[in-house]
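Listing of entry09.csv, CSV, C-alpha atoms
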chain,number,residue,atom,x,y,z
R,1,MET,CA,0.0,0.0,0.0
R,2,GLU,CA,1.7,3.3,-1.1
R,3,GLY,CA,0.3,6.1,1.0
R,4,GLY,CA,-1.4,6.1,4.4
R,5,HIS,CA,-4.3,8.1,3.0
R,6,SER,CA,-5.6,4.7,1.8
R,7,ILE,CA,-6.8,3.7,5.3
R,8,GLY,CA,-9.0,6.8,5.6
R,9,ASN,CA,-7.8,7.7,9.1
R,10,SER,CA,-9.2,4.3,10.4
R,11,LEU,CA,-7.4,1.6,12.2
R,12,ALA,CA,-10.3,-0.7,11.4
R,13,VAL,CA,-9.6,-0.1,7.6
R,14,LEU,CA,-5.9,-0.8,8.3
R,15,ARG,CA,-6.9,-4.2,9.8
R,16,GLN,CA,-9.2,-4.9,6.9
R,17,MET,CA,-6.3,-4.2,4.5
R,18,TYR,CA,-4.2,-6.6,6.4
R,19,GLY,CA,-6.9,-9.2,6.2
R,20,LEU,CA,-7.0,-8.7,2.5
R,21,GLY,CA,-3.3,-9.5,2.2
R,22,ALA,CA,-1.5,-6.1,2.5
R,23,ARG,CA,1.8,-6.7,4.3
R,24,TYR,CA,3.5,-3.3,4.1
R,25,MET,CA,2.3,0.3,3.9
R,26,THR,CA,4.1,3.4,2.9
R,27,ILE,CA,3.2,5.9,5.6
R,28,THR,CA,2.7,8.9,3.2
R,29,HIS,CA,2.9,9.4,-0.5
R,30,SER,CA,3.7,12.8,-2.2
R,31,LYS,CA,1.3,14.7,0.1
R,32,ASN,CA,0.8,14.8,3.9
R,33,THR,CA,-1.9,12.7,5.5
R,34,GLU,CA,-3.9,14.0,8.4
R,35,TRP,CA,-1.4,12.2,10.7
R,36,ALA,CA,2.0,12.2,9.1
R,37,ASP,CA,4.2,14.6,7.1
R,38,SER,CA,5.4,13.8,3.6
R,39,ALA,CA,8.9,14.6,2.4
R,40,THR,CA,7.5,16.5,-0.6
R,41,ASP,CA,4.8,18.6,1.1
R,42,THR,CA,4.8,21.6,3.5
R,43,PRO,CA,5.1,20.0,7.0
R,44,ILE,CA,2.1,20.6,9.2
R,45,HIS,CA,2.5,18.0,12.0
R,46,GLY,CA,6.2,18.0,12.8
R,47,GLY,CA,6.4,14.3,12.0
R,48,LEU,CA,3.7,11.9,13.3
R,49,THR,CA,0.6,12.9,15.2
R,50,PRO,CA,-0.5,10.8,18.2
R,51,PHE,CA,-2.9,9.0,15.8
R,52,GLY,CA,0.1,8.4,13.5
R,53,GLU,CA,1.9,6.8,16.3
R,54,GLU,CA,-1.1,4.5,16.9
R,55,VAL,CA,-1.0,3.5,13.2
R,56,ILE,CA,2.7,2.4,13.6
R,57,ARG,CA,1.9,0.4,16.8
R,58,GLU,CA,-1.1,-1.3,15.1
R,59,MET,CA,1.1,-2.1,12.1
R,60,ASN,CA,3.6,-3.7,14.4
R,61,ARG,CA,0.8,-5.7,16.1
R,62,LEU,CA,-0.7,-6.9,12.9
R,63,GLY,CA,2.7,-7.8,11.3
R,64,MET,CA,2.6,-5.1,8.6
R,65,ILE,CA,5.9,-3.6,7.6
R,66,VAL,CA,6.3,0.1,8.1
R,67,ASP,CA,7.7,1.8,4.9
R,68,LEU,CA,9.3,5.2,5.4
R,69,SER,CA,9.9,6.1,1.7
R,70,HIS,CA,8.1,9.4,0.9
R,71,VAL,CA,8.0,10.6,4.5
R,72,SER,CA,9.7,13.7,6.0
R,73,GLN,CA,12.8,13.3,8.1
R,74,GLU,CA,10.8,14.2,11.2
R,75,THR,CA,8.3,11.4,10.4
R,76,MET,CA,11.2,9.0,9.9
R,77,HIS,CA,12.5,9.7,13.4
R,78,ASP,CA,9.1,9.5,15.0
R,79,ALA,CA,8.3,6.2,13.3
R,80,LEU,CA,11.7,4.8,14.4
R,81,ASP,CA,11.0,6.0,18.0
R,82,VAL,CA,7.6,4.2,18.0
R,83,SER,CA,8.2,1.0,16.0
R,84,GLU,CA,9.2,-2.2,17.8
R,85,ALA,CA,9.8,-3.9,14.5
R,86,PRO,CA,12.3,-3.2,11.7
R,87,VAL,CA,11.2,-0.7,9.0
R,88,ILE,CA,12.1,-0.4,5.4
R,89,PHE,CA,12.5,2.4,2.8
R,90,SER,CA,11.0,0.6,-0.2
R,91,HIS,CA,12.4,3.0,-2.8
R,92,SER,CA,14.8,5.7,-1.6
R,93,GLY,CA,18.4,6.7,-2.0
R,94,ALA,CA,21.0,8.1,0.4
R,95,TYR,CA,20.8,11.8,1.1
R,96,GLY,CA,24.6,11.9,1.6
R,97,ALA,CA,25.0,10.7,-2.0
R,98,LYS,CA,22.4,13.0,-3.5
R,99,ALA,CA,20.7,15.7,-1.5
R,100,HIS,CA,17.0,15.1,-2.3
R,101,ALA,CA,14.1,15.3,0.1
R,102,ARG,CA,13.1,11.7,-0.8
R,103,ASN,CA,16.4,10.3,0.3
R,104,VAL,CA,17.6,9.0,3.7
R,105,PRO,CA,19.9,11.2,5.8
R,106,ASP,CA,22.9,9.8,7.7
R,107,ASP,CA,21.3,10.1,11.2
R,108,VAL,CA,18.4,8.0,10.0
R,109,LEU,CA,20.7,5.4,8.3
R,110,LYS,CA,22.5,5.0,11.6
R,111,ARG,CA,19.2,4.5,13.4
R,112,LEU,CA,18.0,2.1,10.7
R,113,LYS,CA,21.0,-0.1,11.4
R,114,GLU,CA,20.1,-0.2,15.1
R,115,LYS,CA,16.5,-1.1,14.1
R,116,ASP,CA,17.7,-3.8,11.7
R,117,GLY,CA,15.9,-2.2,8.7
R,118,VAL,CA,16.7,-1.9,5.0
R,119,VAL,CA,16.9,0.9,2.4
R,120,MET,CA,15.9,-0.4,-1.0
R,121,VAL,CA,17.8,1.7,-3.5
R,122,ILE,CA,15.7,3.6,-6.0
R,123,PHE,CA,16.7,4.0,-9.7
R,124,LEU,CA,14.9,7.2,-10.4
R,125,PRO,CA,17.5,9.5,-12.0
R,126,GLY,CA,16.5,12.7,-10.1
R,127,TYR,CA,17.0,11.0,-6.8
R,128,LEU,CA,20.4,9.7,-7.8
R,129,ALA,CA,22.3,12.6,-9.2
R,130,ASP,CA,22.3,16.4,-9.5
R,131,ALA,CA,21.9,16.8,-13.3
R,132,PRO,CA,18.4,15.3,-13.8
R,133,HIS,CA,17.3,16.9,-10.5
R,134,GLU,CA,18.4,20.3,-11.8
R,135,TRP,CA,16.7,19.6,-15.2
R,136,TYR,CA,13.4,18.8,-13.5
R,137,ALA,CA,13.5,22.1,-11.5
R,138,LYS,CA,14.1,24.1,-14.7
R,139,TYR,CA,11.4,22.2,-16.5
R,140,LYS,CA,8.9,23.0,-13.7
R,141,ALA,CA,9.9,26.6,-13.8
R,142,GLN,CA,9.4,26.7,-17.6
R,143,LEU,CA,5.9,25.1,-17.2
R,144,ALA,CA,5.0,27.8,-14.7
R,145,TYR,CA,6.2,30.5,-17.1
R,146,LEU,CA,4.3,29.0,-20.1
R,147,GLU,CA,1.1,28.5,-18.1
R,148,THR,CA,1.3,32.2,-17.1
R,149,PHE,CA,2.4,33.7,-20.4
R,150,TYR,CA,0.0,31.7,-22.6
R,151,ARG,CA,-2.9,31.4,-20.1
R,152,GLY,CA,-6.0,30.3,-21.9
R,153,ASN,CA,-4.1,28.9,-24.9
R,154,PRO,CA,-3.4,25.2,-24.1
R,155,GLU,CA,-2.4,24.4,-27.7
R,156,ARG,CA,0.4,27.0,-27.5
R,157,ILE,CA,1.5,25.8,-24.1
R,158,GLU,CA,1.8,22.2,-25.3
R,159,LYS,CA,3.7,23.3,-28.4
R,160,GLU,CA,6.2,25.4,-26.4
R,161,LYS,CA,6.6,22.6,-23.8
R,162,VAL,CA,7.5,20.1,-26.5
R,163,ALA,CA,9.9,22.6,-28.1
R,164,TRP,CA,11.6,23.2,-24.7
R,165,ARG,CA,12.0,19.5,-24.0
R,166,LYS,CA,13.5,19.0,-27.5
R,167,ALA,CA,16.0,21.8,-26.9
R,168,ASN,CA,16.8,20.6,-23.4
R,169,PRO,CA,17.0,16.8,-23.3
R,170,LYS,CA,16.8,15.2,-19.9
R,171,PRO,CA,20.2,14.2,-18.7
R,172,LYS,CA,21.0,10.5,-18.3
R,173,VAL,CA,22.5,8.7,-15.4
R,174,THR,CA,24.2,5.3,-15.4
R,175,ILE,CA,24.6,2.2,-13.2
R,176,GLU,CA,27.5,4.0,-11.5
R,177,SER,CA,25.0,6.5,-9.9
R,178,VAL,CA,23.1,3.5,-8.4
R,179,ILE,CA,26.3,2.0,-7.1
R,180,ALA,CA,27.3,5.3,-5.5
R,181,HIS,CA,24.1,5.0,-3.3
R,182,VAL,CA,24.7,1.3,-2.6
R,183,ASN,CA,28.2,2.1,-1.5
R,184,TYR,CA,27.1,5.0,0.6
R,185,ILE,CA,24.5,3.0,2.5
R,186,ARG,CA,27.0,0.2,3.0
R,187,ASP,CA,29.6,2.6,4.5
R,188,VAL,CA,27.1,4.2,6.9
R,189,ALA,CA,24.7,1.4,7.8
R,190,GLY,CA,26.4,-1.8,6.6
R,191,ILE,CA,25.7,-4.5,4.0
R,192,GLU,CA,22.9,-6.0,5.9
R,193,HIS,CA,20.8,-2.9,5.4
R,194,ILE,CA,20.7,-2.5,1.6
R,195,GLY,CA,18.1,-3.7,-0.9
R,196,ILE,CA,16.9,-2.9,-4.4
R,197,GLY,CA,13.7,-0.8,-4.9
R,198,SER,CA,13.9,0.3,-8.5
R,199,ASP,CA,10.4,2.0,-8.7
R,200,TYR,CA,10.1,1.2,-12.4
R,201,ASP,CA,6.4,1.7,-12.3
R,202,GLY,CA,6.9,5.2,-10.9
R,203,MET,CA,9.3,6.9,-13.3
R,204,GLY,CA,9.6,7.9,-16.9
R,205,SER,CA,13.2,7.1,-17.5
R,206,ALA,CA,15.8,4.8,-15.9
R,207,PRO,CA,19.6,4.7,-15.7
R,208,ILE,CA,21.5,3.6,-18.8
R,209,GLY,CA,22.0,-0.1,-18.5
R,210,LEU,CA,19.1,-0.5,-16.1
R,211,GLU,CA,16.2,0.3,-18.4
R,212,ASP,CA,14.0,-2.5,-17.1
R,213,VAL,CA,14.0,-5.5,-14.8
R,214,SER,CA,15.8,-7.7,-17.4
R,215,GLN,CA,18.8,-5.5,-16.8
R,216,TYR,CA,19.2,-6.4,-13.1
R,217,PRO,CA,22.2,-8.7,-13.8
R,218,ASN,CA,24.1,-5.7,-15.1
R,219,LEU,CA,23.9,-4.1,-11.7
R,220,PHE,CA,25.1,-7.2,-9.9
R,221,LYS,CA,27.9,-7.7,-12.3
R,222,ALA,CA,29.0,-4.1,-11.7
R,223,LEU,CA,28.8,-4.7,-7.9
R,224,LEU,CA,31.0,-7.8,-8.2
R,225,LYS,CA,33.6,-5.6,-10.0
R,226,GLU,CA,33.3,-3.1,-7.1
R,227,GLY,CA,34.4,-5.9,-4.8
R,228,TYR,CA,31.1,-7.1,-3.4
R,229,SER,CA,31.0,-10.8,-2.7
R,230,GLU,CA,28.3,-13.2,-3.9
R,231,ASP,CA,27.1,-13.4,-0.3
R,232,ASP,CA,26.8,-9.6,-0.3
R,233,LEU,CA,24.8,-9.7,-3.5
R,234,LYS,CA,22.4,-12.3,-2.0
R,235,LYS,CA,21.7,-10.0,0.9
R,236,ILE,CA,21.1,-7.0,-1.4
R,237,ALA,CA,19.0,-9.0,-3.9
R,238,GLY,CA,16.5,-10.1,-1.3
R,239,ASP,CA,17.9,-11.8,1.8
R,240,ASN,CA,18.0,-8.6,3.8
R,241,VAL,CA,14.3,-7.8,3.1
R,242,LEU,CA,13.3,-11.4,3.9
R,243,ARG,CA,15.0,-11.0,7.2
R,244,VAL,CA,12.9,-7.9,7.9
R,245,MET,CA,9.8,-9.7,6.9
R,246,GLU,CA,10.5,-12.5,9.3
R,247,ARG,CA,11.4,-10.2,12.1
R,248,VAL,CA,8.2,-8.1,11.6
R,249,GLU,CA,6.2,-11.3,11.9
R,250,ALA,CA,8.1,-12.4,15.0
R,251,VAL,CA,7.4,-9.0,16.7
R,252,SER,CA,3.7,-9.3,15.7
R,253,ALA,CA,3.5,-12.8,17.2
R,254,SER,CA,4.9,-11.4,20.5
R,255,LEU,CA,2.6,-8.4,20.5
R,256,ARG,CA,-0.5,-10.3,19.8
R,257,GLU,CA,0.0,-12.2,23.0
R,258,THR,CA,-0.3,-9.0,25.0
R,259,LYS,CA,-2.3,-6.6,22.7
R,260,LYS,CA,-5.5,-8.2,21.4
Go ahead and render the structure in this file as structure tokens.
Amino acid sequence: MEGGHSIGNSLAVLRQMYGLGARYMTITHSKNTEWADSATDTPIHGGLTPFGEEVIREMNRLGMIVDLSHVSQETMHDALDVSEAPVIFSHSGAYGAKAHARNVPDDVLKRLKEKDGVVMVIFLPGYLADAPHEWYAKYKAQLAYLETFYRGNPERIEKEKVAWRKANPKPKVTIESVIAHVNYIRDVAGIEHIGIGSDYDGMGSAPIGLEDVSQYPNLFKALLKEGYSEDDLKKIAGDNVLRVMERVEAVSASLRETKK
């Protein structure tokens, strides 16, 4: 479940979703909920509200993984304070490798290690490197200009938008940018706290050499050349996330004994 808005401010709906098979929920998406701040919206809560804390506790009790991709840094810390189970970032990068609001800062990476969680590294170019991030900012500024200058003339706006994109092609990134984030997380949090969370269904372009899921072997070949062992790759490819799943279920089993 991507976005806590999907439970409609109801723990009963959260339980229904679990009953239907949902096993993790991203606490926010691109906008705040009424109980948690998003990384890409104006903060209004300062992290989690008291009800937001109850959501985290109930997810722990149910055995639903807490996903902190998309949330603000304050929400990250609040969730880590409350959660008794490991958490994940299902599709995020390292803020220290690329300063983007959607990425995970060092202080959270260190706490994630203590919590035994995992950051699943995203492939979205704007989160990996400066050039595509800067291009997007300029594109948004150009759209604002066009929509103001040619207000009421959607055909002209579309024509000018296409012309601008043709004259300003979006910069590409490569596998090396993904590896930079993997390396960074390894250095701060450790190999046991890295996963892969490409987000192919949420982006328009991908790094060169990682255009789709069939290209995953390219990434693992490159990591082997970087000096990662086969055991390291097994952890990154899925074992780390499986460990989190098992631990979340174990915490749930314990909590269900005391919290009905």
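Restricting the calculation to all atoms listed in the file, the smallest distance between R:Leu124 and any of R:Ser72, R:Asn240, R:Ser252, R:Asn103 is found for R:Asn103.
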Around the point (19.6, 10.1, -7.1) (coordinates from the file), which residues reach within 9 Å if we count only C-alpha atoms? Answer as a ChimeraX atom specification. /R:92-95,97-100,103,122-130,132-133,173,177-178,181
Residues within 6 Å of R:Val66, please, as an NGL selection string. Count all atoms listed in the file; anything in the same chain fewer than 2 positions from it doesn't count. :R and (24-25 or 87)
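Excluding stretch 32-42 of chain R itself and any same-chain residue fewer than 3 positions from it, the protein and nucleic acid residues within 6 Å of it, counting all atoms listed in the file, are His5, Thr28, Gly47, Leu48, Thr49, Gly52, His70, Val71, Ser72 and Ala101 of chain R.
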Please provide the set of residues having any atom within 12 Å of R:Arg247, restricted to all atoms listed in the file, with same-chain residues fewer than 5 positions apart removed, written as number ranges by chain. R: 60, 63-65, 84-88, 115-117, 240-242, 252-254
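The gap separating atom CA of R:Asp199 from atom CA of R:Ser10 is 27.5 Å, in Å to one decimal.
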Give as a list of chain:residue names every residue, naming chains and numbers as the document does, that has an atom within 10 Å of (-0.2, 6.6, 15.0), counting only C-alpha atoms.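 Result, sorted by chain then residue number: R:Asn9, R:Leu11, R:Trp35, R:Ala36, R:Leu48, R:Thr49, R:Pro50, R:Phe51, R:Gly52, R:Glu53, R:Glu54, R:Val55, R:Ile56, R:Arg57, R:Glu58, R:Met59, R:Asp78, R:Ala79, R:Val82.
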When you draw a straight line from atom CA of R:Glu2 to atom CA of R:Ile179, how long is it in Å?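 It comes out at 25.4 Å.
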Report the distance between atom CA of R:Gly19 and atom CA of R:Leu62 in Å, rounded to one decimal place. 9.4 Å
